[in-house]
>>> print(open('work.txt').read())   # compact mmCIF, C-alpha atoms and all ligand atoms
# COMPACT_ATOMS: atom_id res chain seq x y z
CA MET A 101 66.09 137.10 23.46
CA ARG A 102 62.54 138.50 23.05
CA THR A 103 63.07 138.93 19.27
CA THR A 104 64.25 135.33 18.95
CA TYR A 105 61.24 134.13 20.92
CA LEU A 106 58.87 136.17 18.73
CA ARG A 107 60.47 134.85 15.54
CA ARG A 108 60.05 131.29 16.83
CA PHE A 109 56.49 132.08 17.90
CA TRP A 110 55.59 133.26 14.37
CA GLU A 111 57.16 130.13 12.90
CA ARG A 112 54.68 128.19 15.05
CA LEU A 113 51.65 130.14 13.85
CA LEU A 114 49.72 129.69 10.61
CA VAL A 115 46.77 131.71 9.38
CA HIS A 116 44.72 130.56 6.43
CA VAL A 117 41.88 132.68 5.01
CA ARG A 118 39.28 131.74 2.42
CA ILE A 119 35.81 132.80 1.29
CA MET A 120 33.12 130.18 1.84
CA ARG A 121 31.42 129.22 -1.42
CA PRO A 122 28.03 127.66 -2.27
CA ASP A 123 29.65 124.25 -2.78
CA ASP A 124 30.72 124.36 0.92
CA ALA A 125 27.07 124.51 2.03
CA ASN A 126 24.96 121.89 3.75
CA ILE A 127 21.23 121.72 3.03
CA ALA A 128 20.57 124.26 5.80
CA GLY A 129 22.65 126.75 3.76
CA ASN A 130 25.51 126.97 6.25
CA VAL A 131 29.02 125.68 5.79
CA HIS A 132 29.17 121.88 6.17
CA GLY A 133 30.67 120.67 9.49
CA GLY A 134 32.85 118.29 7.46
CA THR A 135 34.25 121.16 5.38
CA ILE A 136 35.23 122.99 8.56
CA LEU A 137 36.88 119.83 9.96
CA LYS A 138 38.81 119.45 6.69
CA MET A 139 40.02 123.08 6.83
CA ILE A 140 41.08 122.61 10.46
CA GLU A 141 43.00 119.44 9.61
CA GLU A 142 44.72 121.02 6.59
CA ALA A 143 46.00 123.90 8.73
CA GLY A 144 47.20 121.45 11.41
CA ALA A 145 48.95 119.22 8.85
CA ILE A 146 50.78 122.17 7.25
CA ILE A 147 52.03 123.68 10.48
CA SER A 148 53.12 120.41 12.06
CA THR A 149 54.83 119.12 8.87
CA ARG A 150 56.62 122.47 8.55
CA HIS A 151 57.73 122.32 12.19
CA CYS A 152 58.90 118.69 12.02
CA ASN A 153 61.08 119.55 8.99
CA SER A 154 62.50 122.73 10.54
CA GLN A 155 65.80 121.09 11.45
CA THR A 156 68.20 119.25 9.21
CA GLY A 157 67.65 115.51 9.19
CA GLU A 158 65.19 113.00 7.80
CA LYS A 159 62.29 114.58 5.88
CA CYS A 160 58.82 113.64 7.09
CA VAL A 161 55.08 114.26 6.71
CA ALA A 162 52.90 114.78 9.80
CA ALA A 163 49.99 112.32 10.03
CA LEU A 164 46.87 113.13 12.01
CA ALA A 165 46.78 110.83 15.05
CA ARG A 166 44.00 112.36 17.15
CA VAL A 167 41.42 115.14 17.30
CA GLU A 168 40.11 116.13 20.72
CA ARG A 169 36.38 116.67 21.23
CA THR A 170 35.30 119.58 19.01
CA ASP A 171 32.26 121.79 19.44
CA PHE A 172 30.68 123.75 16.62
CA LEU A 173 30.00 126.98 18.49
CA SER A 174 28.26 129.02 15.82
CA PRO A 175 27.33 128.44 12.17
CA MET A 176 29.48 129.83 9.36
CA CYS A 177 27.54 131.22 6.41
CA ILE A 178 28.20 131.09 2.70
CA GLY A 179 29.80 134.37 1.59
CA GLU A 180 31.55 134.82 4.93
CA VAL A 181 35.32 134.58 5.16
CA GLY A 182 36.73 131.70 7.18
CA HIS A 183 39.93 132.50 9.13
CA VAL A 184 41.74 129.38 10.31
CA SER A 185 44.65 130.00 12.66
CA ALA A 186 46.81 127.16 13.90
CA GLU A 187 49.46 127.22 16.59
CA ILE A 188 51.78 124.53 17.94
CA THR A 189 51.21 124.44 21.68
CA TYR A 190 53.09 121.34 22.81
CA THR A 191 55.60 118.83 21.49
CA SER A 192 56.46 115.42 22.93
CA LYS A 193 59.33 113.34 21.56
CA HIS A 194 57.21 112.00 18.68
CA SER A 195 54.03 114.08 18.60
CA VAL A 196 52.89 117.66 18.05
CA GLU A 197 49.84 119.30 19.62
CA VAL A 198 48.19 121.95 17.41
CA GLN A 199 45.41 124.29 18.57
CA VAL A 200 43.22 125.61 15.77
CA ASN A 201 40.72 128.45 15.97
CA VAL A 202 38.18 129.13 13.23
CA MET A 203 36.57 132.56 12.96
CA ALA A 204 33.83 133.65 10.55
CA GLU A 205 34.10 137.19 9.21
CA ASN A 206 31.27 139.12 7.61
CA ILE A 207 33.25 141.22 5.13
CA LEU A 208 30.41 143.74 4.75
CA THR A 209 30.46 144.66 8.44
CA SER A 210 33.94 143.33 9.46
CA ALA A 211 32.23 141.55 12.38
CA LYS A 212 34.05 138.35 13.42
CA ARG A 213 32.96 135.49 15.64
CA LEU A 214 34.54 132.26 16.83
CA THR A 215 32.94 129.21 15.20
CA ASN A 216 35.30 126.38 16.24
CA ARG A 217 38.22 125.65 18.48
CA ALA A 218 39.99 122.32 17.98
CA THR A 219 43.02 120.49 19.34
CA LEU A 220 44.80 118.02 17.08
CA TRP A 221 47.78 115.70 17.55
CA TYR A 222 50.14 114.87 14.69
CA VAL A 223 52.90 112.29 14.44
CA PRO A 224 55.76 112.71 11.91
CA LEU A 225 56.31 109.79 9.56
CA SER A 226 59.49 109.47 7.52
CA LEU A 227 59.06 110.38 3.85
CA THR A 228 61.10 107.37 2.78
CA ASN A 229 59.63 104.88 5.26
CA VAL A 230 56.03 105.51 6.21
CA ASP A 231 56.22 103.05 9.10
CA LYS A 232 58.99 104.99 10.82
CA VAL A 233 58.03 107.68 13.35
CA THR A 234 60.65 110.44 13.40
CA GLU A 235 61.59 112.76 16.29
CA VAL A 236 59.90 116.13 16.76
CA PRO A 237 62.09 119.22 17.32
CA PRO A 238 61.07 120.66 20.72
CA ILE A 239 59.40 124.08 20.86
CA GLU A 240 60.31 126.88 23.27
CA TYR A 241 57.61 127.89 25.73
CA GLU A 242 56.97 131.47 26.75
CA ARG A 243 56.39 130.34 30.34
CA LYS A 244 57.23 127.17 32.23
CA GLU A 245 53.54 126.68 33.15
CA LEU A 246 52.57 126.42 29.46
CA GLU A 247 54.89 123.44 29.08
CA GLU A 248 53.49 121.88 32.27
CA GLU A 249 49.89 122.33 31.10
CA GLY A 250 50.81 120.84 27.70
CA ARG A 251 52.41 117.84 29.38
CA LYS A 252 49.22 117.24 31.37
CA ARG A 253 47.09 117.34 28.20
CA TYR A 254 49.55 114.93 26.56
CA GLU A 255 49.39 112.49 29.50
CA ASN A 256 45.57 112.67 29.60
CA GLN A 257 45.10 111.95 25.91
CA LYS A 258 47.59 109.09 26.10
CA LEU A 259 45.54 107.49 28.85
CA GLU A 260 42.23 108.10 27.08
CA ARG A 261 43.40 106.68 23.76
CA PHE A 262 44.78 103.60 25.43
CA GLU A 263 41.25 102.94 26.77
CA THR A 264 39.57 103.47 23.36
CA LYS A 265 42.16 101.24 21.65
CA GLN A 266 41.00 98.45 23.93
CA ARG A 267 37.34 99.16 23.02
CA ASN A 268 38.14 99.34 19.28
CA GLY A 269 39.37 95.77 19.50
CA ASP A 270 35.72 94.60 19.27
CA VAL A 271 34.91 93.58 15.73
CA ILE A 272 31.77 95.36 14.58
CA LEU A 273 30.40 94.52 11.17
CA PRO A 274 29.89 97.51 8.86
CA VAL A 275 26.32 98.77 8.74
CA ILE A 276 24.79 97.75 5.44
CA ASP A 277 22.41 100.20 3.82
CA PRO A 278 18.96 99.03 4.96
CA ASP A 279 15.89 98.39 2.91
CA ARG A 280 13.92 101.22 4.46
CA GLN A 281 10.56 99.96 3.16
CA THR A 282 10.66 97.09 5.65
CA LYS A 283 11.82 99.10 8.67
CA GLU A 284 9.70 101.06 11.05
CA GLN A 285 10.39 104.83 11.15
CA TYR A 286 12.58 106.12 14.00
CA THR A 287 14.29 102.76 14.52
CA VAL A 288 18.09 102.43 14.27
CA GLY A 289 17.69 100.27 11.16
CA TYR A 290 15.52 102.86 9.40
CA SER A 291 18.14 105.64 9.38
CA GLN A 292 21.41 103.69 9.38
CA SER A 293 23.40 104.51 6.27
CA SER A 294 26.69 103.86 4.56
CA LEU A 295 28.81 105.37 1.88
CA ILE A 296 31.46 103.54 -0.14
CA HIS A 297 34.48 105.44 -1.42
CA LEU A 298 37.51 104.43 -3.48
CA VAL A 299 40.56 106.25 -2.07
CA GLY A 300 42.10 108.26 -4.92
CA PRO A 301 45.26 110.39 -5.21
CA SER A 302 43.43 113.63 -4.39
CA ASP A 303 42.46 112.15 -0.99
CA CYS A 304 46.06 111.40 -0.05
CA THR A 305 49.19 112.91 1.49
CA LEU A 306 52.66 112.82 -0.13
CA HIS A 307 52.95 109.31 1.33
CA GLY A 308 49.90 108.05 -0.58
CA TYR A 309 47.77 107.66 2.58
CA VAL A 310 44.43 109.35 3.25
CA HIS A 311 44.40 112.83 4.82
CA GLY A 312 42.63 112.83 8.19
CA GLY A 313 40.52 115.78 7.02
CA VAL A 314 39.16 113.80 4.05
CA THR A 315 38.11 110.96 6.36
CA MET A 316 36.43 113.33 8.83
CA LYS A 317 34.52 115.06 6.01
CA LEU A 318 33.16 111.71 4.76
CA MET A 319 32.29 110.69 8.33
CA ASP A 320 30.37 113.92 8.87
CA GLU A 321 28.54 113.40 5.58
CA VAL A 322 27.33 109.95 6.65
CA ALA A 323 26.34 111.20 10.11
CA GLY A 324 24.35 113.98 8.39
CA ILE A 325 22.51 111.45 6.18
CA VAL A 326 21.55 109.37 9.25
CA ALA A 327 20.30 112.50 11.03
CA VAL A 328 18.23 113.70 8.03
CA ARG A 329 16.71 110.23 7.55
CA HIS A 330 15.69 110.20 11.20
CA CYS A 331 14.26 113.75 11.48
CA LYS A 332 13.47 114.72 7.87
CA THR A 333 14.51 118.31 8.62
CA ASN A 334 17.62 120.43 8.12
CA VAL A 335 20.34 119.29 10.49
CA VAL A 336 23.71 120.62 11.67
CA THR A 337 26.77 119.11 13.35
CA ALA A 338 26.91 120.25 16.98
CA SER A 339 30.04 118.39 18.10
CA VAL A 340 32.38 115.50 17.43
CA ASP A 341 33.84 113.41 20.22
CA ALA A 342 37.58 112.69 20.37
CA ILE A 343 38.73 110.68 17.32
CA ASN A 344 41.83 108.47 17.26
CA PHE A 345 43.38 107.50 13.94
CA HIS A 346 45.01 104.20 14.82
CA ARG A 347 45.60 102.89 11.29
CA LYS A 348 46.59 104.44 7.99
CA ILE A 349 44.45 104.01 4.87
CA GLN A 350 46.35 103.59 1.62
CA LYS A 351 45.52 104.93 -1.84
CA GLY A 352 43.52 102.28 -3.72
CA CYS A 353 41.67 101.02 -0.63
CA ILE A 354 37.89 100.90 -0.64
CA ILE A 355 36.46 102.47 2.47
CA THR A 356 32.99 101.92 3.84
CA ILE A 357 31.81 104.70 6.11
CA SER A 358 28.80 103.55 8.15
CA GLY A 359 26.65 105.47 10.57
CA ARG A 360 23.92 104.50 13.01
CA MET A 361 21.91 106.45 15.55
CA THR A 362 22.79 105.50 19.12
CA PHE A 363 20.96 108.02 21.29
CA THR A 364 18.42 110.83 21.14
CA SER A 365 17.96 113.50 23.79
CA ASN A 366 15.18 116.05 23.61
CA LYS A 367 16.90 118.18 20.95
CA SER A 368 20.00 116.28 19.87
CA MET A 369 21.03 112.96 18.35
CA GLU A 370 24.20 110.97 18.74
CA ILE A 371 25.42 109.06 15.67
CA GLU A 372 28.20 106.49 15.75
CA VAL A 373 30.31 106.41 12.59
CA PHE A 374 32.82 103.71 11.56
CA VAL A 375 35.35 103.70 8.77
CA ASP A 376 36.28 100.23 7.52
CA ALA A 377 39.12 99.84 5.05
CA ASP A 378 39.31 97.08 2.47
CA CYS A 379 42.72 97.02 0.83
CA LEU A 380 42.47 95.03 -2.37
CA VAL A 381 45.43 96.44 -4.28
CA GLY A 382 48.97 95.86 -3.07
CA ASP A 383 51.03 93.19 -1.36
CA ILE A 384 48.97 92.89 1.82
CA GLN A 385 45.24 92.44 1.34
CA GLU A 386 43.29 93.03 4.52
CA LYS A 387 40.13 94.45 6.00
CA TYR A 388 40.21 96.50 9.17
CA ARG A 389 38.42 99.11 11.24
CA ALA A 390 40.40 102.33 10.63
CA VAL A 391 38.45 104.91 12.65
CA SER A 392 35.28 105.31 14.70
CA ALA A 393 33.69 108.38 16.28
CA PHE A 394 30.51 109.83 17.76
CA PHE A 395 28.91 112.87 16.11
CA THR A 396 26.17 114.94 17.74
CA TYR A 397 23.61 116.52 15.43
CA VAL A 398 20.81 119.01 16.02
CA SER A 399 17.61 119.30 13.94
CA LEU A 400 16.74 122.83 12.79
CA SER A 401 13.51 124.59 11.89
CA LYS A 402 13.26 126.70 8.71
CA GLU A 403 14.19 129.67 10.89
CA GLY A 404 17.33 127.87 12.08
CA LYS A 405 16.06 127.17 15.62
CA PRO A 406 16.71 123.77 17.30
CA LEU A 407 13.69 121.46 17.08
CA PRO A 408 12.65 118.54 19.30
CA VAL A 409 14.00 115.28 17.87
CA PRO A 410 11.77 112.21 17.29
CA GLN A 411 12.78 109.68 19.93
CA LEU A 412 14.73 106.63 18.80
CA LEU A 413 12.71 103.39 18.87
CA ILE A 414 14.82 100.72 20.50
CA GLU A 415 14.33 97.20 19.16
CA ASN A 416 16.82 94.99 20.99
CA GLU A 417 19.23 94.64 23.93
CA GLU A 418 22.29 95.76 21.89
CA GLU A 419 20.56 99.00 20.88
CA LYS A 420 19.39 99.53 24.45
CA LYS A 421 22.97 99.17 25.70
CA ARG A 422 24.28 101.64 23.10
CA PHE A 423 21.46 104.06 23.97
CA GLU A 424 22.38 103.97 27.68
CA GLU A 425 26.07 104.49 26.86
CA GLY A 426 25.13 107.44 24.62
CA LYS A 427 23.01 108.88 27.41
CA GLY A 428 26.02 108.64 29.73
CA ARG A 429 28.22 110.56 27.25
CA TYR A 430 25.44 113.13 26.75
CA LEU A 431 25.01 113.76 30.48
CA GLN A 432 28.76 113.95 31.03
CA THR A 433 29.33 116.59 28.32
CA LYS A 434 26.24 118.51 29.42
CA THR A 435 27.62 118.74 32.97
CA LYS A 436 31.06 119.81 31.65
CA ARG A 437 29.43 122.53 29.50
CA GLN A 438 27.43 123.79 32.49
CA ILE A 439 30.59 123.99 34.65
CA GLN A 440 32.44 125.87 31.86
CA THR A 441 29.54 128.35 31.48
CA GLN A 442 29.48 128.90 35.26
CA CYS A 443 33.25 129.53 35.31
CA LEU A 444 32.94 132.03 32.43
CA THR A 445 30.09 133.94 34.11
CA GLN A 446 32.05 134.10 37.39
CA GLN A 447 35.14 135.60 35.64
N1 LIG B 1 46.94 110.35 19.34
C1 LIG B 1 47.98 111.13 19.72
N2 LIG B 1 49.27 110.70 19.68
C2 LIG B 1 49.48 109.44 19.28
C3 LIG B 1 48.42 108.58 18.89
C4 LIG B 1 47.10 109.10 18.93
N3 LIG B 1 46.04 108.39 18.55
N4 LIG B 1 48.94 107.39 18.57
C5 LIG B 1 50.27 107.50 18.75
N5 LIG B 1 50.59 108.72 19.20
C6 LIG B 1 51.95 109.25 19.49
C7 LIG B 1 52.61 108.61 20.70
O1 LIG B 1 52.31 109.25 21.90
C8 LIG B 1 54.10 108.71 20.34
O2 LIG B 1 54.65 109.97 20.74
P1 LIG B 1 55.62 110.04 22.06
O3 LIG B 1 56.67 108.99 21.85
O4 LIG B 1 56.16 111.41 22.04
O5 LIG B 1 54.71 109.75 23.22
C9 LIG B 1 54.11 108.68 18.82
O6 LIG B 1 52.75 108.85 18.40
C10 LIG B 1 54.57 107.35 18.27
O7 LIG B 1 53.90 106.30 18.97
P2 LIG B 1 54.16 104.78 18.59
O8 LIG B 1 53.52 103.93 19.62
O9 LIG B 1 55.63 104.64 18.34
O10 LIG B 1 53.49 104.67 17.18
P3 LIG B 1 52.20 103.88 16.76
O11 LIG B 1 52.61 102.55 16.31
O12 LIG B 1 51.14 104.01 17.81
O13 LIG B 1 51.76 104.73 15.47
C11 LIG B 1 50.66 106.44 14.26
C12 LIG B 1 51.23 106.02 15.61
C13 LIG B 1 49.94 107.76 14.46
C14 LIG B 1 51.78 106.61 13.27
C15 LIG B 1 49.69 105.31 13.76
O14 LIG B 1 48.70 105.08 14.74
C16 LIG B 1 49.07 105.64 12.45
O15 LIG B 1 49.67 105.44 11.39
N6 LIG B 1 47.82 106.16 12.48
C17 LIG B 1 47.13 106.61 11.29
C18 LIG B 1 47.58 108.00 10.85
C19 LIG B 1 46.78 108.45 9.64
O16 LIG B 1 46.85 107.83 8.63
N7 LIG B 1 45.99 109.55 9.79
C20 LIG B 1 45.01 109.90 8.85
C21 LIG B 1 43.89 108.92 8.99
S1 LIG B 1 42.63 108.99 7.86
>>> encode(input="work.txt", output="structure tokens", more="lines below")
Ligand code: COA
Amino acid sequence: MRTTYLRRFWERLLVHVRIMRPDDANIAGNVHGGTILKMIEEAGAIISTRHCNSQTGEKCVAALARVERTDFLSPMCIGEVGHVSAEITYTSKHSVEVQVNVMAENILTSAKRLTNRATLWYVPLSLTNVDKVTEVPPIEYERKELEEEGRKRYENQKLERFETKQRNGDVILPVIDPDRQTKEQYTVGYSQSSLIHLVGPSDCTLHGYVHGGVTMKLMDEVAGIVAVRHCKTNVVTASVDAINFHRKIQKGCIITISGRMTFTSNKSMEIEVFVDADCLVGDIQEKYRAVSAFFTYVSLSKEGKPLPVPQLLIENEEEKKRFEEGKGRYLQTKTKRQIQTQCLTQQ
């Protein structure tokens, strides 16, 4: 019984190891937040696709549906070895929860530290019909409580994504790259930025739709540009709020990834990023908002210490509203972090 459980457990676990190279670096010299998100998503996609095809039946590919809020706990350096381990922790009828841990190893000293911990949800889509969601084989749980806890996480995310789906219904025009000469420094318009990308085969899954990791990497890149334009210093990704991937993006689409600053605290900035798809090739030509998310960035000194951030200059009621909403999110996560730290120190 125990041997069978262990065999099943190992089938649910994936470890991927790779050395971090100079082309993985951001301008601060550490590994780009987007590169880490892409590695996390690749591990999640492999393990969930493998699991969903573990029984005979229709073949499928797991598509990223959601990433829970992710904190970047410690920087990973070039030359270090990144260990990405992924484990399936819950399955519903049509979705798979994957927990991913990223560790950085200094191979000269063998010292390892945790850099990221992420939770992702995947949904299997039939290989022959991308619009058909297939059933997920259930996993066995070591203890009944683990299944119960997983069910609670599943119910919570379902509720949360229902609320954001309602919010995403608002049509927001993509942010057009501003003419910075005419804008005052530290305003939203001064730093807002966009990047246009033609979705090619190397960005796509076996289905011909964009990998979630590719999208997150581009989103992080745009958020980084906004942050650098605002502070003119080295910057790093501190966290990404929960992201829902409501719509697929097909090969051949043109995507516009736009970012704008919404809020600044003393030492952090919140940047809202949108991905808008424009499908010009194919039977159905349409434009739609594919994804949106909030990234938090921190400005760093040459010594790598967090610096005070220039305060955002608010110019109109819309920006004021977004600033207040950003402040609310900032205060909420700050309180949660404080509670978690208190719990850890009491243990
Ligand atoms: N997060 C987590 N799970 C999700 C989800 C989300 N954002 N959206 C749907 N699901 C789960 C549902 O809970 C359901 O599982 P359950 O029956 O066990 O509860 C399962 O997906 C199917 O839900 P359903 O309502 O039938 O499907 P849908 O029409 O909402 O489609 C996707 C779900 C994920 C297939 C669809 O939203 C999609 O194609 N998204 C884009 C995926 C993608 O391309 N990812 C990479 C983006 S760059």
>>> closest_residue(input="work.txt", among="A:Ser185, A:Ser293, A:Thr362, A:Asn344", to="Tyr222 of chain A", atoms="only C-alpha atoms")
A:Asn344
>>> residues_near_ligand(input="work.txt", ligand="ligand LIG 1 (chain B)", cutoff="6 Å", atoms="all atoms listed in the file", output="PyMOL selection string")
chain A and resi 163-166+192-195+221+223+310-312+315+344-349
>>> closest_residue(input="work.txt", among="A:Val340, A:Leu295, A:Leu400, A:Val181", to="Glu321 of chain A", atoms="only C-alpha atoms")
A:Leu295
>>> closest_residue(input="work.txt", among="A:Thr287, A:Thr356, A:Arg121, A:Asp171", to="Thr433 of chain A", atoms="only C-alpha atoms")
A:Asp171
>>> closest_residue(input="work.txt", among="A:Glu418, A:Asp124, A:Asp383, A:Glu168", to="Gly182 of chain A", atoms="all atoms listed in the file")
A:Asp124
>>> closest_residue(input="work.txt", among="A:Glu425, A:Asp376, A:Val336, A:Gln438", to="Pro406 of chain A", atoms="all atoms listed in the file")
A:Val336
>>> atom_distance(input="work.txt", atom1="atom CA of Val328 of chain A", atom2="atom CA of Val314 of chain A")
21.3 Å
>>> residues_near_point(input="work.txt", point="(11.8, 113.0, 12.1)", cutoff="8 Å", atoms="only C-alpha atoms", output="MDAnalysis selection string")
chainID A and resid 286 328:333 409:410
>>> residues_around(input="work.txt", residues="Ile140 of chain A", least_positions_apart="2", cutoff="8 Å", atoms="all atoms listed in the file", output="PDB file with C-alpha atoms, keeping the file's coordinate frame")
ATOM      1  CA  ILE A 136      35.230 122.990   8.560  1.00  0.00           C
ATOM      2  CA  LEU A 137      36.880 119.830   9.960  1.00  0.00           C
ATOM      3  CA  LYS A 138      38.810 119.450   6.690  1.00  0.00           C
ATOM      4  CA  GLU A 142      44.720 121.020   6.590  1.00  0.00           C
ATOM      5  CA  ALA A 143      46.000 123.900   8.730  1.00  0.00           C
ATOM      6  CA  GLY A 144      47.200 121.450  11.410  1.00  0.00           C
ATOM      7  CA  VAL A 184      41.740 129.380  10.310  1.00  0.00           C
ATOM      8  CA  VAL A 200      43.220 125.610  15.770  1.00  0.00           C
ATOM      9  CA  VAL A 202      38.180 129.130  13.230  1.00  0.00           C
ATOM     10  CA  ALA A 218      39.990 122.320  17.980  1.00  0.00           C
ATOM     11  CA  GLY A 313      40.520 115.780   7.020  1.00  0.00           C
TER      12      GLY A 313
END
>>> residues_around(input="work.txt", residues="Ala377 of chain A", least_positions_apart="6", cutoff="6 Å", atoms="all atoms listed in the file", output="JSON, numbers by chain")
{"A": [354, 355, 387, 388]}
>>> closest_residue(input="work.txt", among="A:Cys152, A:Glu141, A:Pro224, A:Ile343", to="Glu260 of chain A", atoms="only C-alpha atoms")
A:Ile343
>>> atom_distance(input="work.txt", atom1="atom CA of Lys159 of chain A", atom2="atom CA of Ser302 of chain A")
21.5 Å
>>> decode(input="work.txt", residues="segment 419-438 of chain A", atoms="N, CA and C atoms", output="PDB file, in the first residue's frame")
ATOM      1  N   GLU A 419      -7.214  58.358 -12.315  1.00  0.00           N
ATOM      2  CA  GLU A 419      -5.927  57.947 -11.734  1.00  0.00           C
ATOM      3  C   GLU A 419      -6.012  57.929 -10.212  1.00  0.00           C
ATOM      4  N   LYS A 420      -6.783  58.902  -9.680  1.00  0.00           N
ATOM      5  CA  LYS A 420      -6.942  58.973  -8.221  1.00  0.00           C
ATOM      6  C   LYS A 420      -7.659  57.707  -7.726  1.00  0.00           C
ATOM      7  N   LYS A 421      -8.680  57.291  -8.474  1.00  0.00           N
ATOM      8  CA  LYS A 421      -9.453  56.106  -8.099  1.00  0.00           C
ATOM      9  C   LYS A 421      -8.535  54.869  -8.134  1.00  0.00           C
ATOM     10  N   ARG A 422      -7.751  54.752  -9.214  1.00  0.00           N
ATOM     11  CA  ARG A 422      -6.859  53.587  -9.328  1.00  0.00           C
ATOM     12  C   ARG A 422      -5.811  53.606  -8.219  1.00  0.00           C
ATOM     13  N   PHE A 423      -5.345  54.817  -7.855  1.00  0.00           N
ATOM     14  CA  PHE A 423      -4.335  54.942  -6.793  1.00  0.00           C
ATOM     15  C   PHE A 423      -4.917  54.442  -5.469  1.00  0.00           C
ATOM     16  N   GLU A 424      -6.150  54.859  -5.178  1.00  0.00           N
ATOM     17  CA  GLU A 424      -6.799  54.450  -3.916  1.00  0.00           C
ATOM     18  C   GLU A 424      -7.014  52.939  -3.888  1.00  0.00           C
ATOM     19  N   GLU A 425      -7.420  52.380  -5.042  1.00  0.00           N
ATOM     20  CA  GLU A 425      -7.619  50.919  -5.106  1.00  0.00           C
ATOM     21  C   GLU A 425      -6.287  50.191  -4.881  1.00  0.00           C
ATOM     22  N   GLY A 426      -5.221  50.738  -5.489  1.00  0.00           N
ATOM     23  CA  GLY A 426      -3.878  50.155  -5.326  1.00  0.00           C
ATOM     24  C   GLY A 426      -3.431  50.216  -3.878  1.00  0.00           C
ATOM     25  N   LYS A 427      -3.756  51.335  -3.234  1.00  0.00           N
ATOM     26  CA  LYS A 427      -3.397  51.506  -1.822  1.00  0.00           C
ATOM     27  C   LYS A 427      -4.103  50.438  -0.979  1.00  0.00           C
ATOM     28  N   GLY A 428      -5.366  50.184  -1.321  1.00  0.00           N
ATOM     29  CA  GLY A 428      -6.146  49.157  -0.610  1.00  0.00           C
ATOM     30  C   GLY A 428      -5.476  47.792  -0.734  1.00  0.00           C
ATOM     31  N   ARG A 429      -5.065  47.445  -1.987  1.00  0.00           N
ATOM     32  CA  ARG A 429      -4.408  46.141  -2.196  1.00  0.00           C
ATOM     33  C   ARG A 429      -3.094  46.085  -1.422  1.00  0.00           C
ATOM     34  N   TYR A 430      -2.363  47.214  -1.444  1.00  0.00           N
ATOM     35  CA  TYR A 430      -1.057  47.281  -0.760  1.00  0.00           C
ATOM     36  C   TYR A 430      -1.230  47.052   0.747  1.00  0.00           C
ATOM     37  N   LEU A 431      -2.213  47.738   1.334  1.00  0.00           N
ATOM     38  CA  LEU A 431      -2.422  47.622   2.784  1.00  0.00           C
ATOM     39  C   LEU A 431      -2.879  46.215   3.160  1.00  0.00           C
ATOM     40  N   GLN A 432      -3.725  45.651   2.297  1.00  0.00           N
ATOM     41  CA  GLN A 432      -4.233  44.297   2.568  1.00  0.00           C
ATOM     42  C   GLN A 432      -3.091  43.269   2.569  1.00  0.00           C
ATOM     43  N   THR A 433      -2.216  43.342   1.541  1.00  0.00           N
ATOM     44  CA  THR A 433      -1.132  42.336   1.482  1.00  0.00           C
ATOM     45  C   THR A 433      -0.106  42.589   2.583  1.00  0.00           C
ATOM     46  N   LYS A 434       0.069  43.860   2.937  1.00  0.00           N
ATOM     47  CA  LYS A 434       1.026  44.177   4.013  1.00  0.00           C
ATOM     48  C   LYS A 434       0.534  43.555   5.326  1.00  0.00           C
ATOM     49  N   THR A 435      -0.760  43.694   5.589  1.00  0.00           N
ATOM     50  CA  THR A 435      -1.325  43.120   6.821  1.00  0.00           C
ATOM     51  C   THR A 435      -1.171  41.593   6.805  1.00  0.00           C
ATOM     52  N   LYS A 436      -1.478  40.976   5.637  1.00  0.00           N
ATOM     53  CA  LYS A 436      -1.363  39.503   5.529  1.00  0.00           C
ATOM     54  C   LYS A 436       0.074  39.069   5.809  1.00  0.00           C
ATOM     55  N   ARG A 437       1.043  39.813   5.226  1.00  0.00           N
ATOM     56  CA  ARG A 437       2.465  39.458   5.424  1.00  0.00           C
ATOM     57  C   ARG A 437       2.842  39.551   6.896  1.00  0.00           C
ATOM     58  N   GLN A 438       2.329  40.621   7.565  1.00  0.00           N
ATOM     59  CA  GLN A 438       2.651  40.805   8.984  1.00  0.00           C
ATOM     60  C   GLN A 438       2.099  39.650   9.814  1.00  0.00           C
TER      61      GLN A 438
END
